[in-house]
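Asks: Structure supplied as target-v3.tsv; contents: TSV, C-alpha atoms.
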chain	number	residue	atom	x	y	z
A	201	MET	CA	-8.96	59.91	-26.72
A	202	ILE	CA	-5.28	59.23	-27.56
A	203	LEU	CA	-6.30	57.08	-30.52
A	204	GLU	CA	-8.61	59.80	-31.81
A	205	LEU	CA	-5.84	62.39	-31.62
A	206	LEU	CA	-3.38	60.12	-33.39
A	207	GLU	CA	-5.85	59.27	-36.15
A	208	GLU	CA	-6.53	62.98	-36.64
A	209	ALA	CA	-2.79	63.66	-36.91
A	210	VAL	CA	-2.37	60.88	-39.49
A	211	ARG	CA	-5.29	62.25	-41.52
A	212	ASP	CA	-3.55	65.63	-41.54
A	213	GLY	CA	-0.43	64.07	-43.06
A	214	ALA	CA	1.70	63.10	-40.02
A	215	ARG	CA	3.62	59.83	-39.95
A	216	LEU	CA	2.19	57.47	-37.32
A	217	TRP	CA	5.54	56.66	-35.73
A	218	ARG	CA	6.37	60.37	-35.35
A	219	ALA	CA	2.97	61.10	-33.77
A	220	CYS	CA	3.48	58.17	-31.38
A	221	LYS	CA	6.87	59.58	-30.36
A	222	VAL	CA	5.26	62.93	-29.48
A	223	VAL	CA	2.78	61.31	-27.06
A	224	GLY	CA	5.44	59.05	-25.59
A	225	LEU	CA	4.15	55.74	-26.96
A	226	CYS	CA	5.56	53.24	-29.43
A	227	LYS	CA	3.84	52.39	-32.71
A	228	ARG	CA	3.28	48.75	-31.68
A	229	THR	CA	1.33	49.86	-28.61
A	230	ILE	CA	-1.07	51.88	-30.76
A	231	GLU	CA	-1.54	48.96	-33.16
A	232	ARG	CA	-2.34	46.67	-30.21
A	233	TRP	CA	-4.88	49.15	-28.84
A	234	ARG	CA	-6.60	49.22	-32.23
A	235	GLU	CA	-6.96	45.43	-32.19
A	236	GLN	CA	-8.34	45.18	-28.62
A	237	LYS	CA	-11.97	45.80	-27.68
A	238	THR	CA	-11.82	46.77	-24.01
A	239	GLY	CA	-11.08	49.83	-21.94
A	240	ASP	CA	-10.57	53.51	-22.70
A	241	ASP	CA	-7.98	53.87	-25.46
A	242	ARG	CA	-8.34	50.06	-25.84
A	243	ARG	CA	-6.65	49.53	-22.44
A	244	ALA	CA	-8.19	47.07	-19.98
A	245	GLY	CA	-8.48	48.57	-16.51
A	246	PRO	CA	-8.88	46.79	-13.15
A	247	LYS	CA	-11.94	44.55	-12.92
A	248	HIS	CA	-12.64	45.10	-9.20
A	249	GLU	CA	-11.87	47.57	-6.42
A	250	PRO	CA	-9.33	46.59	-3.72
A	251	ALA	CA	-10.95	45.28	-0.53
A	252	ASN	CA	-9.11	47.77	1.66
A	253	LYS	CA	-10.05	50.85	-0.39
A	254	MET	CA	-11.14	53.83	1.70
A	255	SER	CA	-14.80	54.67	1.56
A	256	LEU	CA	-15.98	58.04	0.30
A	257	LYS	CA	-17.04	58.90	3.86
A	258	GLU	CA	-13.53	58.17	5.20
A	259	ARG	CA	-11.91	60.23	2.45
A	260	GLU	CA	-14.24	63.16	3.06
A	261	LYS	CA	-13.50	63.01	6.79
A	262	ILE	CA	-9.76	63.40	6.11
A	263	ILE	CA	-10.37	66.35	3.78
A	264	THR	CA	-12.67	67.93	6.39
A	265	VAL	CA	-9.92	67.65	9.01
A	266	LEU	CA	-7.24	69.03	6.68
A	267	THR	CA	-9.40	72.03	5.73
A	268	SER	CA	-10.57	72.74	9.28
A	269	GLU	CA	-9.54	75.99	10.95
A	270	GLU	CA	-7.28	74.09	13.35
A	271	TYR	CA	-5.29	72.21	10.70
A	272	ARG	CA	-5.64	74.13	7.42
A	273	ASP	CA	-2.25	75.86	7.80
A	274	LEU	CA	-0.41	72.62	8.65
A	275	SER	CA	1.06	69.94	6.41
A	276	PRO	CA	-0.01	66.28	6.73
A	277	ARG	CA	3.37	65.65	8.37
A	278	GLN	CA	2.20	67.88	11.22
A	279	VAL	CA	-1.48	66.91	11.25
A	280	VAL	CA	-0.93	63.14	11.56
A	281	PRO	CA	1.06	63.29	14.84
A	282	LYS	CA	-1.34	65.88	16.28
A	283	LEU	CA	-4.23	63.49	15.65
A	284	ALA	CA	-2.24	60.61	17.12
A	285	ASP	CA	-1.70	62.63	20.31
A	286	GLN	CA	-5.51	62.79	20.60
A	287	GLY	CA	-5.84	59.02	20.10
A	288	ILE	CA	-7.14	59.46	16.52
A	289	TYR	CA	-5.95	57.61	13.42
A	290	LEU	CA	-7.61	58.44	10.10
A	291	GLY	CA	-4.91	57.34	7.67
A	292	SER	CA	-1.22	57.47	6.88
A	293	GLU	CA	0.74	60.56	5.88
A	294	SER	CA	0.92	59.33	2.30
A	295	THR	CA	-2.87	58.90	2.21
A	296	PHE	CA	-3.34	62.48	3.38
A	297	TYR	CA	-0.94	63.72	0.71
A	298	ARG	CA	-2.57	61.59	-1.99
A	299	LEU	CA	-6.02	63.01	-1.24
A	300	LEU	CA	-4.63	66.55	-1.33
A	301	HIS	CA	-2.94	65.86	-4.68
A	302	GLU	CA	-6.15	64.42	-6.12
A	303	ARG	CA	-7.96	67.66	-5.27
A	304	LYS	CA	-5.05	69.89	-6.35
A	305	MET	CA	-4.68	71.28	-2.83
A	306	GLN	CA	-0.88	70.90	-2.65
A	307	VAL	CA	1.66	73.71	-3.18
A	308	HIS	CA	5.20	73.00	-4.39
A	309	ARG	CA	8.14	74.71	-2.67
A	310	SER	CA	11.46	75.23	-4.41
A	311	ALA	CA	14.61	73.45	-3.30
A	312	VAL	CA	17.35	75.06	-1.26
A	313	ARG	CA	20.78	75.55	-2.80
A	314	GLU	CA	23.37	73.04	-1.66
A	315	SER	CA	26.10	74.22	0.67
A	316	ASN	CA	29.79	74.52	-0.09
A	317	ASP	CA	31.61	71.53	1.45
A	318	ARG	CA	35.11	73.06	1.49
A	319	TYR	CA	36.67	73.59	4.91
A	320	ARG	CA	33.62	72.49	6.81
A	321	PRO	CA	33.44	73.28	10.55
A	322	LYS	CA	33.93	70.36	12.91
A	323	GLU	CA	30.89	68.15	13.38
A	324	LEU	CA	29.08	68.68	16.69
A	325	VAL	CA	27.00	65.90	18.26
A	326	ALA	CA	24.28	66.47	20.87
A	327	THR	CA	22.78	63.54	22.80
A	328	GLY	CA	20.89	65.67	25.31
A	329	PRO	CA	19.86	69.26	26.14
A	330	ASN	CA	22.44	71.98	26.84
A	331	GLN	CA	25.32	70.22	25.11
A	332	VAL	CA	25.32	72.20	21.84
A	333	TRP	CA	23.71	75.58	21.23
A	334	SER	CA	23.43	77.60	18.05
A	335	TRP	CA	22.86	81.33	17.92
A	336	ASP	CA	22.51	84.12	15.38
A	337	ILE	CA	21.06	87.57	14.78
A	338	THR	CA	18.39	88.44	12.21
A	339	TYR	CA	17.32	91.83	10.87
A	340	VAL	CA	13.81	93.05	11.64
A	341	ALA	CA	12.34	95.76	9.38
A	342	THR	CA	11.26	99.15	10.76
A	343	PRO	CA	9.12	101.89	9.19
A	344	THR	CA	12.33	103.80	8.39
A	345	LYS	CA	14.00	102.59	5.22
A	346	GLY	CA	17.53	101.31	5.88
A	347	LYS	CA	17.01	101.08	9.64
A	348	PHE	CA	16.49	97.77	11.43
A	349	HIS	CA	15.92	96.16	14.79
A	350	TYR	CA	17.99	93.08	15.59
A	351	THR	CA	16.68	89.83	17.06
A	352	TYR	CA	19.22	87.70	18.94
A	353	MET	CA	18.24	84.03	19.38
A	354	VAL	CA	19.99	81.13	21.10
A	355	VAL	CA	18.57	77.67	20.34
A	356	ASP	CA	19.42	74.26	21.79
A	357	VAL	CA	20.47	71.96	18.93
A	358	PHE	CA	19.20	68.75	20.58
A	359	SER	CA	15.72	69.94	21.59
A	360	ARG	CA	15.32	72.99	19.29
A	361	LYS	CA	14.17	74.95	22.33
A	362	ILE	CA	14.86	78.69	22.23
A	363	VAL	CA	16.86	79.06	25.44
A	364	GLY	CA	17.47	82.80	25.07
A	365	TYR	CA	16.34	85.72	22.91
A	366	ALA	CA	16.34	89.50	22.84
A	367	VAL	CA	15.31	92.27	20.44
A	368	HIS	CA	17.50	95.40	20.33
A	369	ASP	CA	18.03	98.42	18.12
A	370	ARG	CA	21.67	97.56	17.38
A	371	GLU	CA	24.14	94.71	16.89
A	372	CYS	CA	26.57	94.60	19.76
A	373	GLY	CA	28.94	92.09	21.32
A	374	ASP	CA	28.08	93.30	24.83
A	375	LEU	CA	24.36	92.63	24.26
A	376	ALA	CA	25.17	89.17	22.91
A	377	THR	CA	27.29	88.51	25.99
A	378	ASP	CA	24.44	89.47	28.32
A	379	LEU	CA	22.06	87.18	26.43
A	380	VAL	CA	24.35	84.13	26.52
A	381	GLU	CA	25.15	84.66	30.22
A	382	GLN	CA	21.43	84.88	31.06
A	383	ALA	CA	20.65	81.76	29.02
A	384	CYS	CA	23.38	79.85	30.86
A	385	ARG	CA	21.94	80.92	34.22
A	386	ASP	CA	18.39	79.99	33.19
A	387	GLU	CA	19.48	76.54	31.99
A	388	GLY	CA	21.93	75.86	34.81
A	389	VAL	CA	24.82	75.24	32.41
A	390	LEU	CA	27.95	73.92	34.12
A	391	ARG	CA	31.55	74.63	33.21
A	392	ASN	CA	32.91	72.58	30.27
A	393	GLN	CA	29.41	71.32	29.48
A	394	LEU	CA	28.49	73.37	26.42
A	395	THR	CA	29.64	74.14	22.87
A	396	ILE	CA	28.07	77.14	21.15
A	397	HIS	CA	28.06	77.54	17.37
A	398	SER	CA	27.59	80.75	15.37
A	399	ASP	CA	28.58	82.44	12.13
A	400	ASN	CA	31.47	84.86	11.68
A	401	GLY	CA	29.67	88.15	12.39
A	402	ALA	CA	31.31	90.90	14.41
A	403	PRO	CA	29.12	90.39	17.52
A	404	MET	CA	29.87	86.64	17.44
A	405	LYS	CA	33.62	87.26	17.53
A	406	SER	CA	33.67	90.28	19.81
A	407	ALA	CA	36.40	90.25	22.43
A	408	THR	CA	33.87	90.67	25.24
A	409	LEU	CA	31.80	87.66	24.20
A	410	LEU	CA	34.78	85.39	23.54
A	411	ALA	CA	36.31	86.28	26.90
A	412	THR	CA	33.03	85.58	28.68
A	413	LEU	CA	32.59	82.24	26.93
A	414	GLN	CA	36.11	81.25	27.89
A	415	GLN	CA	35.46	82.25	31.48
A	416	LEU	CA	32.29	80.13	31.54
A	417	GLY	CA	34.13	77.15	30.08
A	418	ILE	CA	32.10	77.20	26.85
A	419	VAL	CA	33.72	75.93	23.65
A	420	THR	CA	33.16	78.07	20.53
A	421	SER	CA	32.49	76.87	16.99
A	422	PHE	CA	32.15	79.03	13.86
A	423	SER	CA	30.72	78.71	10.36
A	424	ARG	CA	32.73	79.28	7.21
A	425	PRO	CA	32.67	82.89	5.98
A	426	SER	CA	29.55	83.63	3.89
A	427	VAL	CA	28.18	80.07	4.21
A	428	SER	CA	24.81	80.23	5.97
A	429	ASN	CA	24.28	76.46	5.68
A	430	ASP	CA	26.98	75.94	8.32
A	431	ASN	CA	24.51	77.26	10.89
A	432	PRO	CA	21.36	75.45	9.70
A	433	ILE	CA	19.50	75.25	13.01
A	434	SER	CA	19.44	79.03	13.49
A	435	GLU	CA	18.74	79.68	9.80
A	436	ALA	CA	15.80	77.29	9.86
A	437	LEU	CA	14.50	78.97	13.02
A	438	PHE	CA	14.61	82.42	11.40
A	439	ARG	CA	12.81	81.05	8.35
A	440	THR	CA	10.06	79.75	10.64
A	441	VAL	CA	9.90	83.20	12.27
A	442	LYS	CA	9.43	85.10	9.01
A	443	TYR	CA	7.03	82.60	7.43
A	444	ARG	CA	4.57	82.74	10.30
A	445	PRO	CA	1.19	84.13	9.10
A	446	GLU	CA	1.26	86.56	12.04
A	447	TYR	CA	4.64	88.04	11.06
A	448	PRO	CA	4.08	91.65	9.86
A	449	LYS	CA	4.13	91.95	6.06
A	450	GLY	CA	5.64	95.42	6.21
A	451	ALA	CA	7.51	96.41	9.35
A	452	PHE	CA	7.14	96.53	13.11
A	453	LYS	CA	5.88	99.94	14.19
A	454	SER	CA	8.35	100.20	17.05
A	455	LEU	CA	10.99	98.31	19.01
A	456	GLU	CA	8.40	97.59	21.70
A	457	ASP	CA	6.02	96.05	19.12
A	458	ALA	CA	8.82	93.80	17.91
A	459	GLN	CA	9.67	92.75	21.47
A	460	VAL	CA	6.02	91.89	22.20
A	461	TRP	CA	5.67	89.86	18.97
A	462	PHE	CA	8.86	87.86	19.58
A	463	ALA	CA	7.81	87.14	23.16
A	464	TRP	CA	4.64	85.58	21.74
A	465	PHE	CA	6.58	83.70	19.06
A	466	VAL	CA	9.08	82.16	21.50
A	467	ALA	CA	6.27	80.97	23.77
A	468	TRP	CA	4.41	79.46	20.79
A	469	TYR	CA	7.53	77.88	19.32
A	470	ASN	CA	8.71	76.29	22.55
A	471	GLU	CA	5.35	75.17	23.92
A	472	GLU	CA	3.07	74.54	20.91
A	473	HIS	CA	5.07	74.09	17.69
A	474	GLN	CA	5.52	70.41	16.80
A	475	HIS	CA	8.94	70.34	15.17
A	476	SER	CA	9.52	68.02	12.20
A	477	GLY	CA	13.19	67.50	13.13
A	478	ILE	CA	12.35	65.96	16.52
A	479	SER	CA	9.47	63.60	15.60
A	480	PHE	CA	6.79	66.30	15.79
A	481	VAL	CA	6.93	67.02	19.50
A	482	THR	CA	7.39	70.51	20.91
A	483	PRO	CA	10.89	71.76	21.82
A	484	ALA	CA	9.81	72.12	25.46
A	485	GLN	CA	8.58	68.51	25.57
A	486	ARG	CA	11.87	67.23	24.17
A	487	HIS	CA	13.95	69.51	26.38
A	488	SER	CA	12.25	68.14	29.50
A	489	GLY	CA	12.12	64.52	28.32
A	490	ALA	CA	8.30	64.43	28.19
A	491	ASP	CA	8.51	63.45	24.52
A	492	ARG	CA	9.30	59.82	25.46
A	493	ALA	CA	5.79	59.18	26.80
A	494	ILE	CA	4.18	61.07	23.90
A	495	LEU	CA	6.00	59.00	21.28
A	496	ARG	CA	5.15	55.75	23.09
A	497	LYS	CA	1.46	56.72	23.05
A	498	ARG	CA	1.58	57.43	19.30
A	499	GLU	CA	3.09	54.01	18.71
A	500	GLU	CA	0.25	52.41	20.70
A	501	VAL	CA	-2.35	54.34	18.65
A	502	TYR	CA	-0.81	53.10	15.40
A	503	GLU	CA	-0.54	49.50	16.63
A	504	ALA	CA	-4.23	49.59	17.59
A	505	ALA	CA	-5.18	51.02	14.19
A	506	LYS	CA	-3.23	48.26	12.44
A	507	LYS	CA	-4.98	45.57	14.50
A	508	ARG	CA	-8.40	47.02	13.58
A	509	ARG	CA	-7.67	47.05	9.83
A	510	PRO	CA	-4.59	44.93	9.07
A	511	ASP	CA	-5.59	44.82	5.39
A	512	ARG	CA	-4.66	48.50	5.07
A	513	TRP	CA	-1.07	47.99	6.23
A	514	SER	CA	1.48	46.50	3.87
A	515	GLY	CA	4.30	46.63	6.41
A	516	ALA	CA	5.29	47.93	9.82
A	517	ILE	CA	3.68	50.98	11.42
A	518	ARG	CA	5.28	54.39	11.23
A	519	ASP	CA	8.49	54.67	13.22
A	520	TRP	CA	7.78	56.86	16.25
A	521	SER	CA	11.08	56.07	18.00
A	522	ARG	CA	12.87	58.94	19.70
A	523	ILE	CA	15.77	60.66	17.93
A	524	GLU	CA	18.55	60.22	20.46
A	525	GLU	CA	21.33	62.03	18.61
A	526	VAL	CA	21.46	65.27	16.63
A	527	ARG	CA	24.45	66.20	14.48
A	528	LEU	CA	25.28	69.77	13.52
A	529	ASN	CA	27.34	70.05	10.30
A	530	LYS	CA	27.39	66.29	9.83
A	531	ALA	CA	30.65	65.06	8.37
A	532	PRO	CA	30.45	63.55	4.85
A	533	GLU	CA	30.39	59.75	4.73
A	534	VAL	CA	33.88	59.71	3.15
A	535	GLU	CA	35.36	61.54	6.13
A	536	VAL	CA	33.59	59.25	8.59
A	537	ALA	CA	34.94	56.15	6.84
A	538	ARG	CA	38.46	57.62	6.77
A	539	ALA	CA	38.30	58.43	10.50
A	540	ALA	CA	37.19	54.87	11.26
As a first step, turn the structure in this file into structure tokens.

Replies:
Amino acid sequence: MILELLEEAVRDGARLWRACKVVGLCKRTIERWREQKTGDDRRAGPKHEPANKMSLKEREKIITVLTSEEYRDLSPRQVVPKLADQGIYLGSESTFYRLLHERKMQVHRSAVRESNDRYRPKELVATGPNQVWSWDITYVATPTKGKFHYTYMVVDVFSRKIVGYAVHDRECGDLATDLVEQACRDEGVLRNQLTIHSDNGAPMKSATLLATLQQLGIVTSFSRPSVSNDNPISEALFRTVKYRPEYPKGAFKSLEDAQVWFAWFVAWYNEEHQHSGISFVTPAQRHSGADRAILRKREEVYEAAKKRRPDRWSGAIRDWSRIEEVRLNKAPEVEVARAA
């Protein structure tokens, strides 16, 4: 087909080398194609199929799973570990993505703007639950234009578990104080055990909250003004909230409706949502330590799959090792080297 288009262009008066440049080929390549007798556009393709190629039945099975009601709203990165938890291995993540691309069933998402690195907050490192928390407040639309409800959420940085939440009709330091105190009681937080990170909003820096945190022996950490990327855990959580298919497209009818919906969301997020940042286990599983056994089982499933068909594996199995350390506002490599 390329040769036909080029010959047509030359007949219409175009110079061959210019036409070749337009299609991204050199003139010598076209001359070589004209001399050869094999393949489409004179190119010789592969003479045999690879021995480990997936059968049509295997490919269709993967597509059936990806388009099923249970998995159609999930990415392959989420589907693969869910199948592994059931003792099922159909193919690698890249295979799932490749089949979706072949059938034009993938959707591209735009990139996120990079953060400003000036005057970064101090890096926080969590190696277990209840060492570092992040919290923030997000606006929730109401039927009245210009009026909002406010959702307060406290999330554990290590496990991503939502350890406290509340939905109110106003932003208030006293309400934030009550929420943090309750979360500390629920989690059994001890004095000098916890650091809590937030942005620079008025409720976050209210005298009541700061005094309470000091009394509880909790260290405070704050983002740079107007830099949301300094609080990425909470921002990512709120994005997950508002991109849920069940999230109302317009507004919550009342404060009570919002409270009921967020109660459902927190239960789903903690107990069912397999989080990509913690090896696709649920926040509750990681918070309790149950993720260790789950990840070991996935590794066994993959090892068994590799033994059954070693010809389909060019290297080691997927790394299902546990993430033992989570860094909030990770310091640039230059700063780490200087500190060392």

Asks: Within 7 Å of Arg391 (chain A), counting only C-alpha atoms, which residues show up once you throw out same-chain ones fewer than 4 positions away? Write them as a PyMOL selection string, please.

Replies: chain A and resi 416-418

Asks: Specify the axis-aligned box that encloses all atoms of region 212-226 of chain A listed in the file after padding of 6 Å on each side, stating its centre and edge lengths in Å to one decimal as JSON.

Replies:
{"center_x": 1.7, "center_y": 59.4, "center_z": -34.3, "size_x": 22.4, "size_y": 24.4, "size_z": 29.5}

Asks: Would you be able to write out as a ChimeraX atom specification which residues have an atom within 10 Å of (31.0, 91.4, 27.4) in the file's coordinates, counting all atoms listed in the file?

Replies: /A:372-381,406-413

Asks: Nearest to Gln382 (chain A) among A:Ala436, A:Pro343, A:Gly364, A:Ala458, with distances taken over all atoms listed in the file: which residue is it?

Replies: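 With all atoms listed in the file as the atom set, the closest residue is A:Gly364.
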
Asks: Could you tell me how far CA of Tyr339 (chain A) sits from CA of His487 (chain A), in Å to one decimal place?

Replies: 27.4 Å

Asks: Residues near Ile478 (chain A), anyone? I mean within 8 Å using only C-alpha atoms, not counting same-chain ones fewer than 6 positions away, as number ranges by chain.

Replies: A: 359, 486, 522-523

Asks: Using all atoms listed in the file, find all polymer residues with an atom at most 10 Å away from the point (12.7, 66.5, 22.2); report them as a PDB file with C-alpha atoms, in the coordinates of the input.

Replies:
ATOM      1  CA  GLY A 328      20.890  65.670  25.310  1.00  0.00           C
ATOM      2  CA  PRO A 329      19.860  69.260  26.140  1.00  0.00           C
ATOM      3  CA  PHE A 358      19.200  68.750  20.580  1.00  0.00           C
ATOM      4  CA  SER A 359      15.720  69.940  21.590  1.00  0.00           C
ATOM      5  CA  ARG A 360      15.320  72.990  19.290  1.00  0.00           C
ATOM      6  CA  LYS A 361      14.170  74.950  22.330  1.00  0.00           C
ATOM      7  CA  GLN A 474       5.520  70.410  16.800  1.00  0.00           C
ATOM      8  CA  HIS A 475       8.940  70.340  15.170  1.00  0.00           C
ATOM      9  CA  GLY A 477      13.190  67.500  13.130  1.00  0.00           C
ATOM     10  CA  ILE A 478      12.350  65.960  16.520  1.00  0.00           C
ATOM     11  CA  SER A 479       9.470  63.600  15.600  1.00  0.00           C
ATOM     12  CA  PHE A 480       6.790  66.300  15.790  1.00  0.00           C
ATOM     13  CA  VAL A 481       6.930  67.020  19.500  1.00  0.00           C
ATOM     14  CA  THR A 482       7.390  70.510  20.910  1.00  0.00           C
ATOM     15  CA  PRO A 483      10.890  71.760  21.820  1.00  0.00           C
ATOM     16  CA  ALA A 484       9.810  72.120  25.460  1.00  0.00           C
ATOM     17  CA  GLN A 485       8.580  68.510  25.570  1.00  0.00           C
ATOM     18  CA  ARG A 486      11.870  67.230  24.170  1.00  0.00           C
ATOM     19  CA  HIS A 487      13.950  69.510  26.380  1.00  0.00           C
ATOM     20  CA  SER A 488      12.250  68.140  29.500  1.00  0.00           C
ATOM     21  CA  GLY A 489      12.120  64.520  28.320  1.00  0.00           C
ATOM     22  CA  ALA A 490       8.300  64.430  28.190  1.00  0.00           C
ATOM     23  CA  ASP A 491       8.510  63.450  24.520  1.00  0.00           C
ATOM     24  CA  ARG A 492       9.300  59.820  25.460  1.00  0.00           C
ATOM     25  CA  ARG A 522      12.870  58.940  19.700  1.00  0.00           C
ATOM     26  CA  ILE A 523      15.770  60.660  17.930  1.00  0.00           C
ATOM     27  CA  GLU A 524      18.550  60.220  20.460  1.00  0.00           C
TER      28      GLU A 524
END

Asks: Which residue gives the smallest distance to His368 (chain A) among A:Phe462, A:Phe422, A:Phe296, A:Trp520, with all atoms listed in the file counted?

Replies: A:Phe462

Asks: So how far away is CA of His397 (chain A) from CA of Glu435 (chain A), in Å?

Replies: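 Between CA of Glu435 (chain A) and CA of His397 (chain A) the gap is 12.2 Å.
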
Asks: Identify which of the residues A:Leu290, A:Cys384, A:Arg444, A:Arg272 lies closest to Arg508 (chain A), counting all atoms listed in the file when measuring atom-to-atom distances.

Replies: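 Selected residue with least distance to Arg508 (chain A): A:Leu290.
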
Asks: Would you mind reading off the distance between CA of Leu300 (chain A) and CA of Val280 (chain A), one decimal, in Å?

Replies: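 Spanning CA of Leu300 (chain A) to CA of Val280 (chain A) is a straight-line distance of 13.8 Å.
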
Asks: Between A:Pro445, A:Pro281, A:Gly388, A:Pro276, which residue has the minimum interatomic distance to Ser294 (chain A), considering all atoms listed in the file?

Replies: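 Among the listed residues, the smallest separation from Ser294 (chain A) belongs to A:Pro276.
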